[in-house]
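Engineer: As input, take run-v1.pdb (PDB, C-alpha atoms, pLDDT in the B column):
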```
ATOM      1  CA  MET X 259       0.000   0.000   0.000  1.00 50.00           C
ATOM      2  CA  LYS X 260       1.452   3.323  -1.060  1.00 53.00           C
ATOM      3  CA  SER X 261       1.446   6.107   1.487  1.00 61.00           C
ATOM      4  CA  LYS X 262      -0.606   9.219   0.853  1.00 68.00           C
ATOM      5  CA  ASP X 263       2.547  11.333   0.644  1.00 70.00           C
ATOM      6  CA  ASP X 264       4.003   8.940  -1.847  1.00 69.00           C
ATOM      7  CA  MET X 265       0.893   9.186  -4.003  1.00 67.00           C
ATOM      8  CA  GLN X 266       0.927  12.965  -3.873  1.00 73.00           C
ATOM      9  CA  GLN X 267       4.579  13.091  -4.817  1.00 72.00           C
ATOM     10  CA  ARG X 268       4.095  10.783  -7.753  1.00 71.00           C
ATOM     11  CA  LEU X 269       0.972  12.548  -8.889  1.00 80.00           C
ATOM     12  CA  GLY X 270       2.922  15.796  -8.884  1.00 82.00           C
ATOM     13  CA  LEU X 271       5.618  14.205 -10.985  1.00 81.00           C
ATOM     14  CA  GLY X 272       2.980  12.957 -13.395  1.00 82.00           C
ATOM     15  CA  LEU X 273       1.581  16.470 -13.760  1.00 87.00           C
ATOM     16  CA  LYS X 274       5.026  17.866 -14.487  1.00 87.00           C
ATOM     17  CA  ASN X 275       5.681  15.178 -17.067  1.00 85.00           C
ATOM     18  CA  MET X 276       2.388  15.926 -18.789  1.00 85.00           C
ATOM     19  CA  TYR X 277       3.367  19.583 -19.047  1.00 90.00           C
ATOM     20  CA  LEU X 278       6.929  18.857 -20.137  1.00 89.00           C
ATOM     21  CA  ASN X 279       5.726  16.573 -22.927  1.00 87.00           C
ATOM     22  CA  VAL X 280       4.123  19.555 -24.637  1.00 91.00           C
ATOM     23  CA  LEU X 281       7.234  21.701 -24.257  1.00 92.00           C
ATOM     24  CA  ASP X 282       9.178  19.160 -26.292  1.00 90.00           C
ATOM     25  CA  GLU X 283       6.822  19.329 -29.271  1.00 93.00           C
ATOM     26  CA  PRO X 284       7.761  21.359 -32.344  1.00 94.00           C
ATOM     27  CA  LEU X 285       5.635  24.434 -32.924  1.00 95.00           C
ATOM     28  CA  PRO X 286       2.795  23.905 -35.410  1.00 95.00           C
ATOM     29  CA  ASP X 287       2.957  25.614 -38.790  1.00 95.00           C
ATOM     30  CA  ASP X 288       0.042  27.964 -38.134  1.00 94.00           C
ATOM     31  CA  ILE X 289       1.771  29.427 -35.096  1.00 95.00           C
ATOM     32  CA  LEU X 290       5.034  29.803 -37.004  1.00 94.00           C
ATOM     33  CA  THR X 291       3.115  31.557 -39.766  1.00 93.00           C
ATOM     34  CA  LEU X 292       1.560  33.888 -37.247  1.00 93.00           C
ATOM     35  CA  LEU X 293       4.986  34.739 -35.862  1.00 92.00           C
ATOM     36  CA  ASP X 294       6.146  35.560 -39.378  1.00 90.00           C
ATOM     37  CA  GLN X 295       3.177  37.870 -39.783  1.00 89.00           C
ATOM     38  CA  LEU X 296       4.157  39.689 -36.627  1.00 85.00           C
ATOM     39  CA  ASP X 297       7.538  40.289 -38.239  1.00 70.00           C
ATOM     40  CA  VAL X 298       5.949  41.718 -41.379  1.00 50.00           C
ATOM     41  CA  ASP X 299       3.699  43.978 -39.389  1.00 54.00           C
ATOM     42  CA  ASP X 300       6.672  45.149 -37.404  1.00 52.00           C
ATOM     43  CA  GLU X 301       8.708  45.932 -40.513  1.00 49.00           C
ATOM     44  CA  ASP X 302       5.748  47.694 -42.105  1.00 47.00           C
ATOM     45  CA  ASP X 303       5.116  49.545 -38.872  1.00 48.00           C
ATOM     46  CA  SER X 304       1.486  48.565 -39.292  1.00 46.00           C
ATOM     47  CA  ASP X 305      -0.967  48.828 -36.431  1.00 48.00           C
ATOM     48  CA  ALA X 306      -3.414  46.416 -38.011  1.00 45.00           C
ATOM     49  CA  ILE X 307      -2.984  43.837 -35.298  1.00 48.00           C
ATOM     50  CA  ARG X 308      -3.222  46.427 -32.568  1.00 47.00           C
ATOM     51  CA  SER X 309      -6.894  46.945 -33.312  1.00 45.00           C
ATOM     52  CA  ASP X 310      -7.535  43.480 -31.876  1.00 46.00           C
ATOM     53  CA  GLY X 311      -7.422  44.948 -28.365  1.00 43.00           C
ATOM     54  CA  ASN X 312      -6.457  43.318 -25.113  1.00 44.00           C
ATOM     55  CA  GLU X 313      -8.379  40.826 -23.045  1.00 44.00           C
TER      56      GLU X 313
ATOM     57  CA  MET D 167       3.104  58.474 -13.696  1.00 54.00           C
ATOM     58  CA  SER D 168       6.052  57.472 -15.873  1.00 60.00           C
ATOM     59  CA  LYS D 169       5.602  55.137 -18.775  1.00 61.00           C
ATOM     60  CA  PRO D 170       6.934  51.628 -18.069  1.00 62.00           C
ATOM     61  CA  GLU D 171      10.105  50.652 -19.850  1.00 72.00           C
ATOM     62  CA  ALA D 172       9.229  48.763 -23.018  1.00 76.00           C
ATOM     63  CA  LEU D 173      11.120  46.185 -25.032  1.00 84.00           C
ATOM     64  CA  SER D 174      11.996  46.756 -28.651  1.00 88.00           C
ATOM     65  CA  PRO D 175       9.696  44.864 -31.046  1.00 90.00           C
ATOM     66  CA  SER D 176      12.400  42.321 -31.792  1.00 90.00           C
ATOM     67  CA  GLN D 177      13.148  41.786 -28.101  1.00 92.00           C
ATOM     68  CA  PHE D 178       9.460  41.463 -27.394  1.00 94.00           C
ATOM     69  CA  LYS D 179       8.990  38.960 -30.183  1.00 94.00           C
ATOM     70  CA  GLN D 180      11.923  36.893 -28.985  1.00 94.00           C
ATOM     71  CA  GLN D 181      10.537  36.667 -25.459  1.00 96.00           C
ATOM     72  CA  LEU D 182       7.065  35.989 -26.812  1.00 96.00           C
ATOM     73  CA  THR D 183       8.398  33.159 -28.958  1.00 96.00           C
ATOM     74  CA  GLU D 184      10.178  31.636 -25.981  1.00 96.00           C
ATOM     75  CA  ALA D 185       6.905  31.620 -24.048  1.00 97.00           C
ATOM     76  CA  ILE D 186       4.959  29.755 -26.744  1.00 97.00           C
ATOM     77  CA  PRO D 187       5.781  26.170 -25.672  1.00 97.00           C
ATOM     78  CA  HIS D 188       4.629  27.027 -22.142  1.00 96.00           C
ATOM     79  CA  LEU D 189       1.500  28.692 -23.479  1.00 97.00           C
ATOM     80  CA  ARG D 190       0.709  25.535 -25.441  1.00 96.00           C
ATOM     81  CA  ALA D 191       1.237  23.346 -22.390  1.00 95.00           C
ATOM     82  CA  PHE D 192      -0.890  25.601 -20.207  1.00 94.00           C
ATOM     83  CA  GLY D 193      -3.602  25.930 -22.848  1.00 94.00           C
ATOM     84  CA  ARG D 194      -3.770  22.235 -23.511  1.00 91.00           C
ATOM     85  CA  SER D 195      -3.969  21.377 -19.851  1.00 89.00           C
ATOM     86  CA  LEU D 196      -6.726  23.945 -19.383  1.00 89.00           C
ATOM     87  CA  SER D 197      -8.793  22.982 -22.390  1.00 88.00           C
ATOM     88  CA  GLY D 198      -7.935  19.300 -22.735  1.00 85.00           C
ATOM     89  CA  ASP D 199      -7.784  19.768 -26.478  1.00 86.00           C
ATOM     90  CA  ARG D 200      -4.700  20.273 -28.622  1.00 89.00           C
ATOM     91  CA  ASP D 201      -6.406  22.236 -31.394  1.00 90.00           C
ATOM     92  CA  VAL D 202      -8.350  24.434 -29.004  1.00 90.00           C
ATOM     93  CA  ALA D 203      -5.125  25.089 -27.121  1.00 93.00           C
ATOM     94  CA  ASP D 204      -3.316  26.159 -30.264  1.00 94.00           C
ATOM     95  CA  ASP D 205      -6.209  28.464 -31.180  1.00 94.00           C
ATOM     96  CA  LEU D 206      -5.918  29.930 -27.707  1.00 94.00           C
ATOM     97  CA  VAL D 207      -2.203  30.416 -28.170  1.00 97.00           C
ATOM     98  CA  GLN D 208      -2.737  32.230 -31.455  1.00 96.00           C
ATOM     99  CA  ASP D 209      -5.339  34.512 -29.878  1.00 95.00           C
ATOM    100  CA  THR D 210      -2.931  35.130 -27.039  1.00 96.00           C
ATOM    101  CA  LEU D 211      -0.041  35.981 -29.346  1.00 96.00           C
ATOM    102  CA  LEU D 212      -2.147  38.501 -31.239  1.00 95.00           C
ATOM    103  CA  LYS D 213      -3.403  40.131 -28.063  1.00 95.00           C
ATOM    104  CA  ALA D 214       0.057  40.197 -26.534  1.00 95.00           C
ATOM    105  CA  TRP D 215       1.491  41.747 -29.668  1.00 94.00           C
ATOM    106  CA  ALA D 216      -1.241  44.347 -29.744  1.00 92.00           C
ATOM    107  CA  ALA D 217      -0.582  45.204 -26.109  1.00 92.00           C
ATOM    108  CA  ARG D 218       3.213  45.002 -26.257  1.00 91.00           C
ATOM    109  CA  ASP D 219       3.656  48.594 -25.163  1.00 90.00           C
ATOM    110  CA  ARG D 220       2.109  47.620 -21.847  1.00 91.00           C
ATOM    111  CA  PHE D 221       4.599  44.856 -21.130  1.00 93.00           C
ATOM    112  CA  ILE D 222       7.214  45.996 -18.650  1.00 91.00           C
ATOM    113  CA  ALA D 223      10.756  44.971 -19.463  1.00 91.00           C
ATOM    114  CA  GLY D 224      12.269  42.757 -16.819  1.00 91.00           C
ATOM    115  CA  THR D 225       8.984  41.187 -15.785  1.00 92.00           C
ATOM    116  CA  SER D 226       7.907  37.672 -16.703  1.00 94.00           C
ATOM    117  CA  MET D 227       6.681  37.355 -20.286  1.00 96.00           C
ATOM    118  CA  ARG D 228       5.420  33.868 -19.505  1.00 95.00           C
ATOM    119  CA  ALA D 229       3.296  35.021 -16.592  1.00 95.00           C
ATOM    120  CA  TRP D 230       2.046  38.026 -18.546  1.00 95.00           C
ATOM    121  CA  THR D 231       0.957  35.904 -21.489  1.00 96.00           C
ATOM    122  CA  PHE D 232      -0.528  33.236 -19.193  1.00 96.00           C
ATOM    123  CA  VAL D 233      -2.882  35.918 -17.878  1.00 95.00           C
ATOM    124  CA  ILE D 234      -3.938  36.770 -21.422  1.00 95.00           C
ATOM    125  CA  LEU D 235      -4.430  33.118 -22.306  1.00 96.00           C
ATOM    126  CA  ARG D 236      -6.486  32.235 -19.247  1.00 93.00           C
ATOM    127  CA  ASN D 237      -8.615  35.367 -19.602  1.00 93.00           C
ATOM    128  CA  THR D 238      -9.206  34.492 -23.247  1.00 92.00           C
ATOM    129  CA  PHE D 239     -10.086  30.931 -22.348  1.00 91.00           C
ATOM    130  CA  PHE D 240     -12.518  31.762 -19.574  1.00 88.00           C
ATOM    131  CA  SER D 241     -14.198  34.610 -21.437  1.00 87.00           C
ATOM    132  CA  SER D 242     -14.490  32.449 -24.529  1.00 81.00           C
ATOM    133  CA  MET D 243     -15.964  29.622 -22.508  1.00 76.00           C
ATOM    134  CA  ARG D 244     -18.636  32.030 -21.373  1.00 70.00           C
ATOM    135  CA  ARG D 245     -19.328  32.768 -25.030  1.00 68.00           C
ATOM    136  CA  LYS D 246     -19.150  29.040 -25.801  1.00 63.00           C
ATOM    137  CA  LYS D 247     -16.303  29.470 -28.246  1.00 56.00           C
ATOM    138  CA  PHE D 248     -14.241  26.922 -26.396  1.00 57.00           C
ATOM    139  CA  THR D 249     -15.364  24.085 -24.185  1.00 56.00           C
ATOM    140  CA  ALA D 250     -13.207  22.250 -21.716  1.00 55.00           C
ATOM    141  CA  ASN D 251     -13.739  18.633 -22.576  1.00 57.00           C
ATOM    142  CA  TYR D 252     -11.578  15.614 -22.710  1.00 53.00           C
ATOM    143  CA  ASP D 253     -10.551  14.871 -26.281  1.00 53.00           C
ATOM    144  CA  GLU D 254      -9.683  11.285 -27.004  1.00 51.00           C
ATOM    145  CA  LEU D 255      -7.593  12.279 -29.979  1.00 47.00           C
ATOM    146  CA  VAL D 256      -5.477  14.428 -27.709  1.00 50.00           C
ATOM    147  CA  ALA D 257      -4.977  11.513 -25.421  1.00 48.00           C
ATOM    148  CA  GLU D 258      -3.953   9.341 -28.319  1.00 46.00           C
ATOM    149  CA  ARG D 259      -1.407  11.950 -29.322  1.00 43.00           C
ATOM    150  CA  ILE D 260      -0.130  12.066 -25.812  1.00 44.00           C
ATOM    151  CA  LEU D 261       0.031   8.315 -25.937  1.00 35.00           C
ATOM    152  CA  SER D 262       2.247   8.438 -28.974  1.00 38.00           C
ATOM    153  CA  ALA D 263       4.395  11.333 -27.787  1.00 41.00           C
ATOM    154  CA  PRO D 264       8.109  10.593 -28.156  1.00 40.00           C
ATOM    155  CA  ALA D 265       8.971  10.386 -24.496  1.00 43.00           C
ATOM    156  CA  PRO D 266      10.665   7.033 -23.998  1.00 43.00           C
ATOM    157  CA  GLN D 267      11.249   7.620 -20.307  1.00 43.00           C
ATOM    158  CA  GLN D 268       7.527   7.881 -19.678  1.00 41.00           C
ATOM    159  CA  GLU D 269       4.515   5.664 -19.884  1.00 43.00           C
ATOM    160  CA  PRO D 270       2.168   7.874 -21.941  1.00 40.00           C
ATOM    161  CA  LEU D 271      -1.041   5.961 -21.288  1.00 38.00           C
ATOM    162  CA  HIS D 272      -0.939   7.203 -17.747  1.00 62.00           C
ATOM    163  CA  LEU D 273      -0.658  10.776 -18.873  1.00 72.00           C
ATOM    164  CA  ALA D 274      -3.840  10.331 -20.875  1.00 72.00           C
ATOM    165  CA  ASP D 275      -5.610   9.217 -17.727  1.00 75.00           C
ATOM    166  CA  LEU D 276      -4.211  12.215 -15.910  1.00 82.00           C
ATOM    167  CA  GLN D 277      -5.524  14.513 -18.632  1.00 82.00           C
ATOM    168  CA  ARG D 278      -8.935  12.922 -18.258  1.00 81.00           C
ATOM    169  CA  GLY D 279      -8.781  13.404 -14.519  1.00 86.00           C
ATOM    170  CA  LEU D 280      -7.972  17.083 -14.948  1.00 89.00           C
ATOM    171  CA  MET D 281     -11.081  17.525 -17.045  1.00 88.00           C
ATOM    172  CA  GLU D 282     -13.118  16.343 -14.078  1.00 88.00           C
ATOM    173  CA  LEU D 283     -11.950  19.275 -11.966  1.00 91.00           C
ATOM    174  CA  SER D 284     -13.632  22.650 -11.822  1.00 91.00           C
ATOM    175  CA  ASP D 285     -12.032  25.303 -14.025  1.00 91.00           C
ATOM    176  CA  ASP D 286     -10.567  27.109 -11.026  1.00 93.00           C
ATOM    177  CA  GLN D 287      -9.089  23.966  -9.559  1.00 94.00           C
ATOM    178  CA  ARG D 288      -7.737  22.765 -12.876  1.00 94.00           C
ATOM    179  CA  GLU D 289      -6.033  26.084 -13.506  1.00 95.00           C
ATOM    180  CA  ALA D 290      -4.545  26.063 -10.005  1.00 96.00           C
ATOM    181  CA  ILE D 291      -3.113  22.558 -10.160  1.00 94.00           C
ATOM    182  CA  ILE D 292      -1.716  23.170 -13.650  1.00 94.00           C
ATOM    183  CA  LEU D 293       0.033  26.384 -12.651  1.00 95.00           C
ATOM    184  CA  VAL D 294       1.458  25.128  -9.381  1.00 94.00           C
ATOM    185  CA  GLY D 295       1.653  21.375  -9.857  1.00 91.00           C
ATOM    186  CA  ALA D 296       2.628  21.220 -13.508  1.00 90.00           C
ATOM    187  CA  GLY D 297       4.003  24.644 -14.440  1.00 91.00           C
ATOM    188  CA  GLY D 298       6.040  25.023 -11.281  1.00 91.00           C
ATOM    189  CA  TYR D 299       4.728  28.457 -10.341  1.00 94.00           C
ATOM    190  CA  SER D 300       4.786  29.554  -6.737  1.00 95.00           C
ATOM    191  CA  TYR D 301       1.457  30.125  -5.043  1.00 96.00           C
ATOM    192  CA  GLU D 302       2.109  33.858  -5.232  1.00 96.00           C
ATOM    193  CA  GLU D 303       2.856  33.785  -8.961  1.00 95.00           C
ATOM    194  CA  ALA D 304      -0.120  31.551  -9.664  1.00 96.00           C
ATOM    195  CA  ALA D 305      -2.401  33.813  -7.634  1.00 96.00           C
ATOM    196  CA  ASP D 306      -1.230  36.792  -9.699  1.00 95.00           C
ATOM    197  CA  ILE D 307      -1.968  34.957 -12.930  1.00 95.00           C
ATOM    198  CA  ALA D 308      -5.393  33.783 -11.755  1.00 95.00           C
ATOM    199  CA  ASN D 309      -6.145  37.159 -10.172  1.00 94.00           C
ATOM    200  CA  CYS D 310      -7.014  35.724  -6.777  1.00 96.00           C
ATOM    201  CA  ALA D 311      -5.628  35.836  -3.252  1.00 97.00           C
ATOM    202  CA  VAL D 312      -2.690  33.612  -2.344  1.00 96.00           C
ATOM    203  CA  GLY D 313      -4.827  31.832   0.231  1.00 97.00           C
ATOM    204  CA  THR D 314      -7.458  31.160  -2.388  1.00 97.00           C
ATOM    205  CA  MET D 315      -4.837  29.707  -4.694  1.00 97.00           C
ATOM    206  CA  LYS D 316      -3.509  27.452  -1.935  1.00 96.00           C
ATOM    207  CA  SER D 317      -7.014  26.281  -1.202  1.00 97.00           C
ATOM    208  CA  ARG D 318      -7.741  25.582  -4.863  1.00 96.00           C
ATOM    209  CA  VAL D 319      -4.539  23.598  -5.280  1.00 95.00           C
ATOM    210  CA  SER D 320      -5.223  21.596  -2.150  1.00 94.00           C
ATOM    211  CA  ARG D 321      -8.765  20.797  -3.196  1.00 95.00           C
ATOM    212  CA  ALA D 322      -7.648  20.005  -6.723  1.00 94.00           C
ATOM    213  CA  ARG D 323      -5.030  17.553  -5.477  1.00 91.00           C
ATOM    214  CA  LYS D 324      -7.502  15.788  -3.234  1.00 90.00           C
ATOM    215  CA  THR D 325     -10.171  15.642  -5.901  1.00 89.00           C
ATOM    216  CA  LEU D 326      -7.749  14.487  -8.561  1.00 87.00           C
ATOM    217  CA  GLU D 327      -6.302  11.802  -6.340  1.00 85.00           C
ATOM    218  CA  SER D 328      -9.749  10.584  -5.500  1.00 83.00           C
ATOM    219  CA  ILE D 329     -10.851  10.525  -9.128  1.00 81.00           C
ATOM    220  CA  LEU D 330      -7.725   8.765 -10.301  1.00 77.00           C
ATOM    221  CA  GLU D 331      -7.516   6.365  -7.402  1.00 75.00           C
ATOM    222  CA  GLU D 332     -11.029   5.163  -7.986  1.00 73.00           C
ATOM    223  CA  GLY D 333     -10.842   5.464 -11.760  1.00 68.00           C
ATOM    224  CA  ARG D 334     -14.217   7.178 -11.758  1.00 67.00           C
ATOM    225  CA  PHE D 335     -14.430   9.360 -14.809  1.00 64.00           C
ATOM    226  CA  THR D 336     -17.728  10.858 -15.828  1.00 63.00           C
ATOM    227  CA  SER D 337     -19.061  10.754 -19.369  1.00 52.00           C
ATOM    228  CA  ALA D 338     -17.831  14.339 -19.822  1.00 52.00           C
ATOM    229  CA  SER D 339     -14.254  13.161 -19.786  1.00 51.00           C
ATOM    230  CA  ASP D 340     -14.673   9.541 -20.671  1.00 46.00           C
ATOM    231  CA  GLY D 341     -13.052   9.055 -24.007  1.00 41.00           C
ATOM    232  CA  HIS D 342     -12.126   5.451 -23.369  1.00 38.00           C
ATOM    233  CA  GLY D 343     -13.785   2.255 -22.352  1.00 35.00           C
ATOM    234  CA  SER D 344     -13.651   0.874 -18.854  1.00 36.00           C
ATOM    235  CA  LEU D 345     -10.346   0.851 -17.074  1.00 37.00           C
ATOM    236  CA  THR D 346      -8.785  -2.441 -16.183  1.00 36.00           C
ATOM    237  CA  THR D 347      -6.643  -0.838 -13.498  1.00 42.00           C
ATOM    238  CA  THR D 348      -7.127   2.417 -11.688  1.00 48.00           C
ATOM    239  CA  ALA D 349      -5.625   5.471 -13.276  1.00 51.00           C
ATOM    240  CA  LEU D 350      -3.588   6.367 -10.225  1.00 51.00           C
ATOM    241  CA  GLU D 351      -1.990   2.952 -10.223  1.00 51.00           C
ATOM    242  CA  ASN D 352      -1.080   3.550 -13.828  1.00 51.00           C
ATOM    243  CA  ILE D 353       0.455   6.916 -13.056  1.00 50.00           C
ATOM    244  CA  ILE D 354       2.341   5.581 -10.074  1.00 51.00           C
ATOM    245  CA  GLY D 355       3.597   2.703 -12.148  1.00 52.00           C
ATOM    246  CA  ALA D 356       4.821   5.058 -14.817  1.00 52.00           C
ATOM    247  CA  VAL D 357       6.476   7.436 -12.423  1.00 50.00           C
ATOM    248  CA  GLU D 358       8.211   4.625 -10.607  1.00 51.00           C
ATOM    249  CA  LYS D 359      10.015   3.850 -13.811  1.00 50.00           C
ATOM    250  CA  ILE D 360      11.511   7.307 -14.044  1.00 49.00           C
ATOM    251  CA  ALA D 361      11.741   8.391 -10.412  1.00 46.00           C
ATOM    252  CA  PRO D 362      15.303   8.402  -9.039  1.00 44.00           C
TER     253      PRO D 362
END
```
What does this structure look like when you write it as structure tokens?
Structural biologist:
Amino acid sequence: MKSKDDMQQRLGLGLKNMYLNVLDEPLPDDILTLLDQLDVDDEDDSDAIRSDGNE
Amino acid sequence: MSKPEALSPSQFKQQLTEAIPHLRAFGRSLSGDRDVADDLVQDTLLKAWAARDRFIAGTSMRAWTFVILRNTFFSSMRRKKFTANYDELVAERILSAPAPQQEPLHLADLQRGLMELSDDQREAIILVGAGGYSYEEAADIANCAVGTMKSRVSRARKTLESILEEGRFTSASDGHGSLTTTALENIIGAVEKIAP
């Protein structure tokens, strides 16, 4: 029988592993494309994206 | 009141780019859905870029963008744009993730368990338990008191343990058939393989 502390510790490690798995993934193309667009807007000094507002 | 020091656009973009993997991890844990998470990340990037003059140099870009992402998620949930549901396809992708030191099936069960939590509790356990934020940092991101954050994390841990220990997933998160072993046993088994 595992102790409660042991379970909590291992559950915490499982949570961290779940999170870390995503960090290791390559960025999807649509996000890379969006980043490129930010570059273009920056170079063009366009405020088009700024009209989106903040949450 | 003086204007806060701002980063140059290229500096801002570099820090924003570095935050993206964490935004994806946070978004996916919150929503339980890879595609929804990436939509959230894109919304967040646009909003962050639009508000870049308000970012104060020297502060945490990750925390700043986490606030934008979680606000976007919760406000969109209210408008029904996003829903926090377990996605079996996500779990399958997690299952096939190239992480040889881990037992991915157990992570899928964990993801399902997270979807059983309330939004507040799920956010709290992700920030503190998975993202490694302090209670103070997590409370800032979630815009709540530190005591509230501690309480949410505590309740989330207890609820999650109970759900996983008993393997009792509701239909809202149940993307699989019946479990042959409890989810917590699976997680513990997986972690034992990698724990020092």
Engineer: Name the residues captured by the PyMOL selection byres ((chain D and resi 177) around 12) when it is applied to the shown file; answer as a list in words.
Structural biologist: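 Answer for the PyMOL selection byres ((chain D and resi 177) around 12): Asp297 and Asp300 of chain X; Ala172, Leu173, Ser174, Pro175, Ser176, Phe178, Lys179, Gln180, Gln181, Leu182, Thr183, Glu184, Trp215, Arg218, Phe221, Ile222, Ala223, Gly224 and Met227 of chain D.
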Engineer: Any chance you could work out the residue set of the ChimeraX specification (/X :<7) & /D here, as a list in words?
Structural biologist: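 With the ChimeraX specification (/X :<7) & /D on this model, the match is Pro187, His188, Arg190, Ala191, Gln208, Leu212, Lys213, Ala216, Ala217, Ile234, Asn237, Thr238, Leu273, Gly295, Ala296, Gly297, Ile353, Ile354 and Val357 of chain D.
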Engineer: Give me, please, the distance in Å between CA of Lys316 (chain D) and CA of Arg244 (chain D), quoted to one decimal.
Structural biologist: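 Separation between CA of Lys316 (chain D) and CA of Arg244 (chain D): 25.1 Å.
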Engineer: Which centre and edge lengths in Å to one decimal define the box along x, y and z that fits every listed atom of region 227-241 of chain D plus 8 Å per side, as lines of an AutoDock Vina configuration file?
Structural biologist:
```
center_x = -3.8
center_y = 34.5
center_z = -19.9
size_x = 36.9
size_y = 23.1
size_z = 22.7
```
Engineer: Measure the distance from CA of Asp209 (chain D) to CA of Ile186 (chain D) in Å and round it to one decimal.
Structural biologist: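 Atom-to-atom, CA of Asp209 (chain D) and CA of Ile186 (chain D) are spaced 11.8 Å apart.
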Engineer: I'd like the residues picked by the PyMOL selection byres ((chain D and resi 319-326) around 12) written out as a VMD selection string, using the chain letters and numbers from the file.
Structural biologist: (chain X and resid 262 to 263 265 to 270 272 to 273) or (chain D and resid 275 to 296 299 to 301 304 to 305 312 to 318 327 to 335 349 to 350)
Engineer: Could you check how far CA of Val202 (chain D) sits from CA of Ala274 (chain D), in Å to one decimal?
Structural biologist: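 Pair CA of Val202 (chain D) / CA of Ala274 (chain D) returns 16.9 Å.
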Engineer: Go through D:Thr210, D:Ser197, D:Ser242, D:Ser226 and flag the residue nearest Glu303 (chain D), using only C-alpha atoms for the distances.
Structural biologist: D:Ser226
Engineer: My structure is short of atoms at region 281-292 of chain D; please model N, CA, C and O atoms there, returning them as a compact mmCIF listing (two decimals), in the frame of the given file.
Structural biologist:
```
# COMPACT_ATOMS: atom_id res chain seq x y z
N MET D 281 -9.83 17.02 -16.47
CA MET D 281 -11.08 17.52 -17.05
C MET D 281 -12.26 17.35 -16.10
O MET D 281 -13.33 17.91 -16.31
N GLU D 282 -12.06 16.54 -15.07
CA GLU D 282 -13.12 16.34 -14.08
C GLU D 282 -13.14 17.47 -13.04
O GLU D 282 -14.11 17.62 -12.31
N LEU D 283 -12.04 18.21 -12.96
CA LEU D 283 -11.95 19.27 -11.97
C LEU D 283 -12.73 20.50 -12.41
O LEU D 283 -12.97 20.70 -13.61
N SER D 284 -13.05 21.35 -11.46
CA SER D 284 -13.63 22.65 -11.82
C SER D 284 -12.56 23.47 -12.54
O SER D 284 -11.36 23.20 -12.42
N ASP D 285 -12.99 24.47 -13.28
CA ASP D 285 -12.03 25.30 -14.02
C ASP D 285 -11.00 25.93 -13.09
O ASP D 285 -9.81 25.97 -13.40
N ASP D 286 -11.47 26.45 -11.97
CA ASP D 286 -10.57 27.11 -11.03
C ASP D 286 -9.53 26.13 -10.48
O ASP D 286 -8.34 26.46 -10.37
N GLN D 287 -10.00 24.95 -10.13
CA GLN D 287 -9.09 23.97 -9.56
C GLN D 287 -8.11 23.45 -10.62
O GLN D 287 -6.94 23.23 -10.34
N ARG D 288 -8.62 23.25 -11.82
CA ARG D 288 -7.74 22.76 -12.88
C ARG D 288 -6.64 23.78 -13.17
O ARG D 288 -5.47 23.44 -13.28
N GLU D 289 -7.03 25.04 -13.26
CA GLU D 289 -6.03 26.08 -13.51
C GLU D 289 -4.99 26.11 -12.39
O GLU D 289 -3.78 26.20 -12.63
N ALA D 290 -5.45 25.99 -11.16
CA ALA D 290 -4.54 26.06 -10.01
C ALA D 290 -3.54 24.92 -10.01
O ALA D 290 -2.33 25.13 -9.84
N ILE D 291 -4.02 23.71 -10.22
CA ILE D 291 -3.11 22.56 -10.16
C ILE D 291 -2.16 22.55 -11.36
O ILE D 291 -1.02 22.09 -11.25
N ILE D 292 -2.60 23.09 -12.48
CA ILE D 292 -1.72 23.17 -13.65
C ILE D 292 -0.60 24.17 -13.38
O ILE D 292 0.58 23.89 -13.62
```
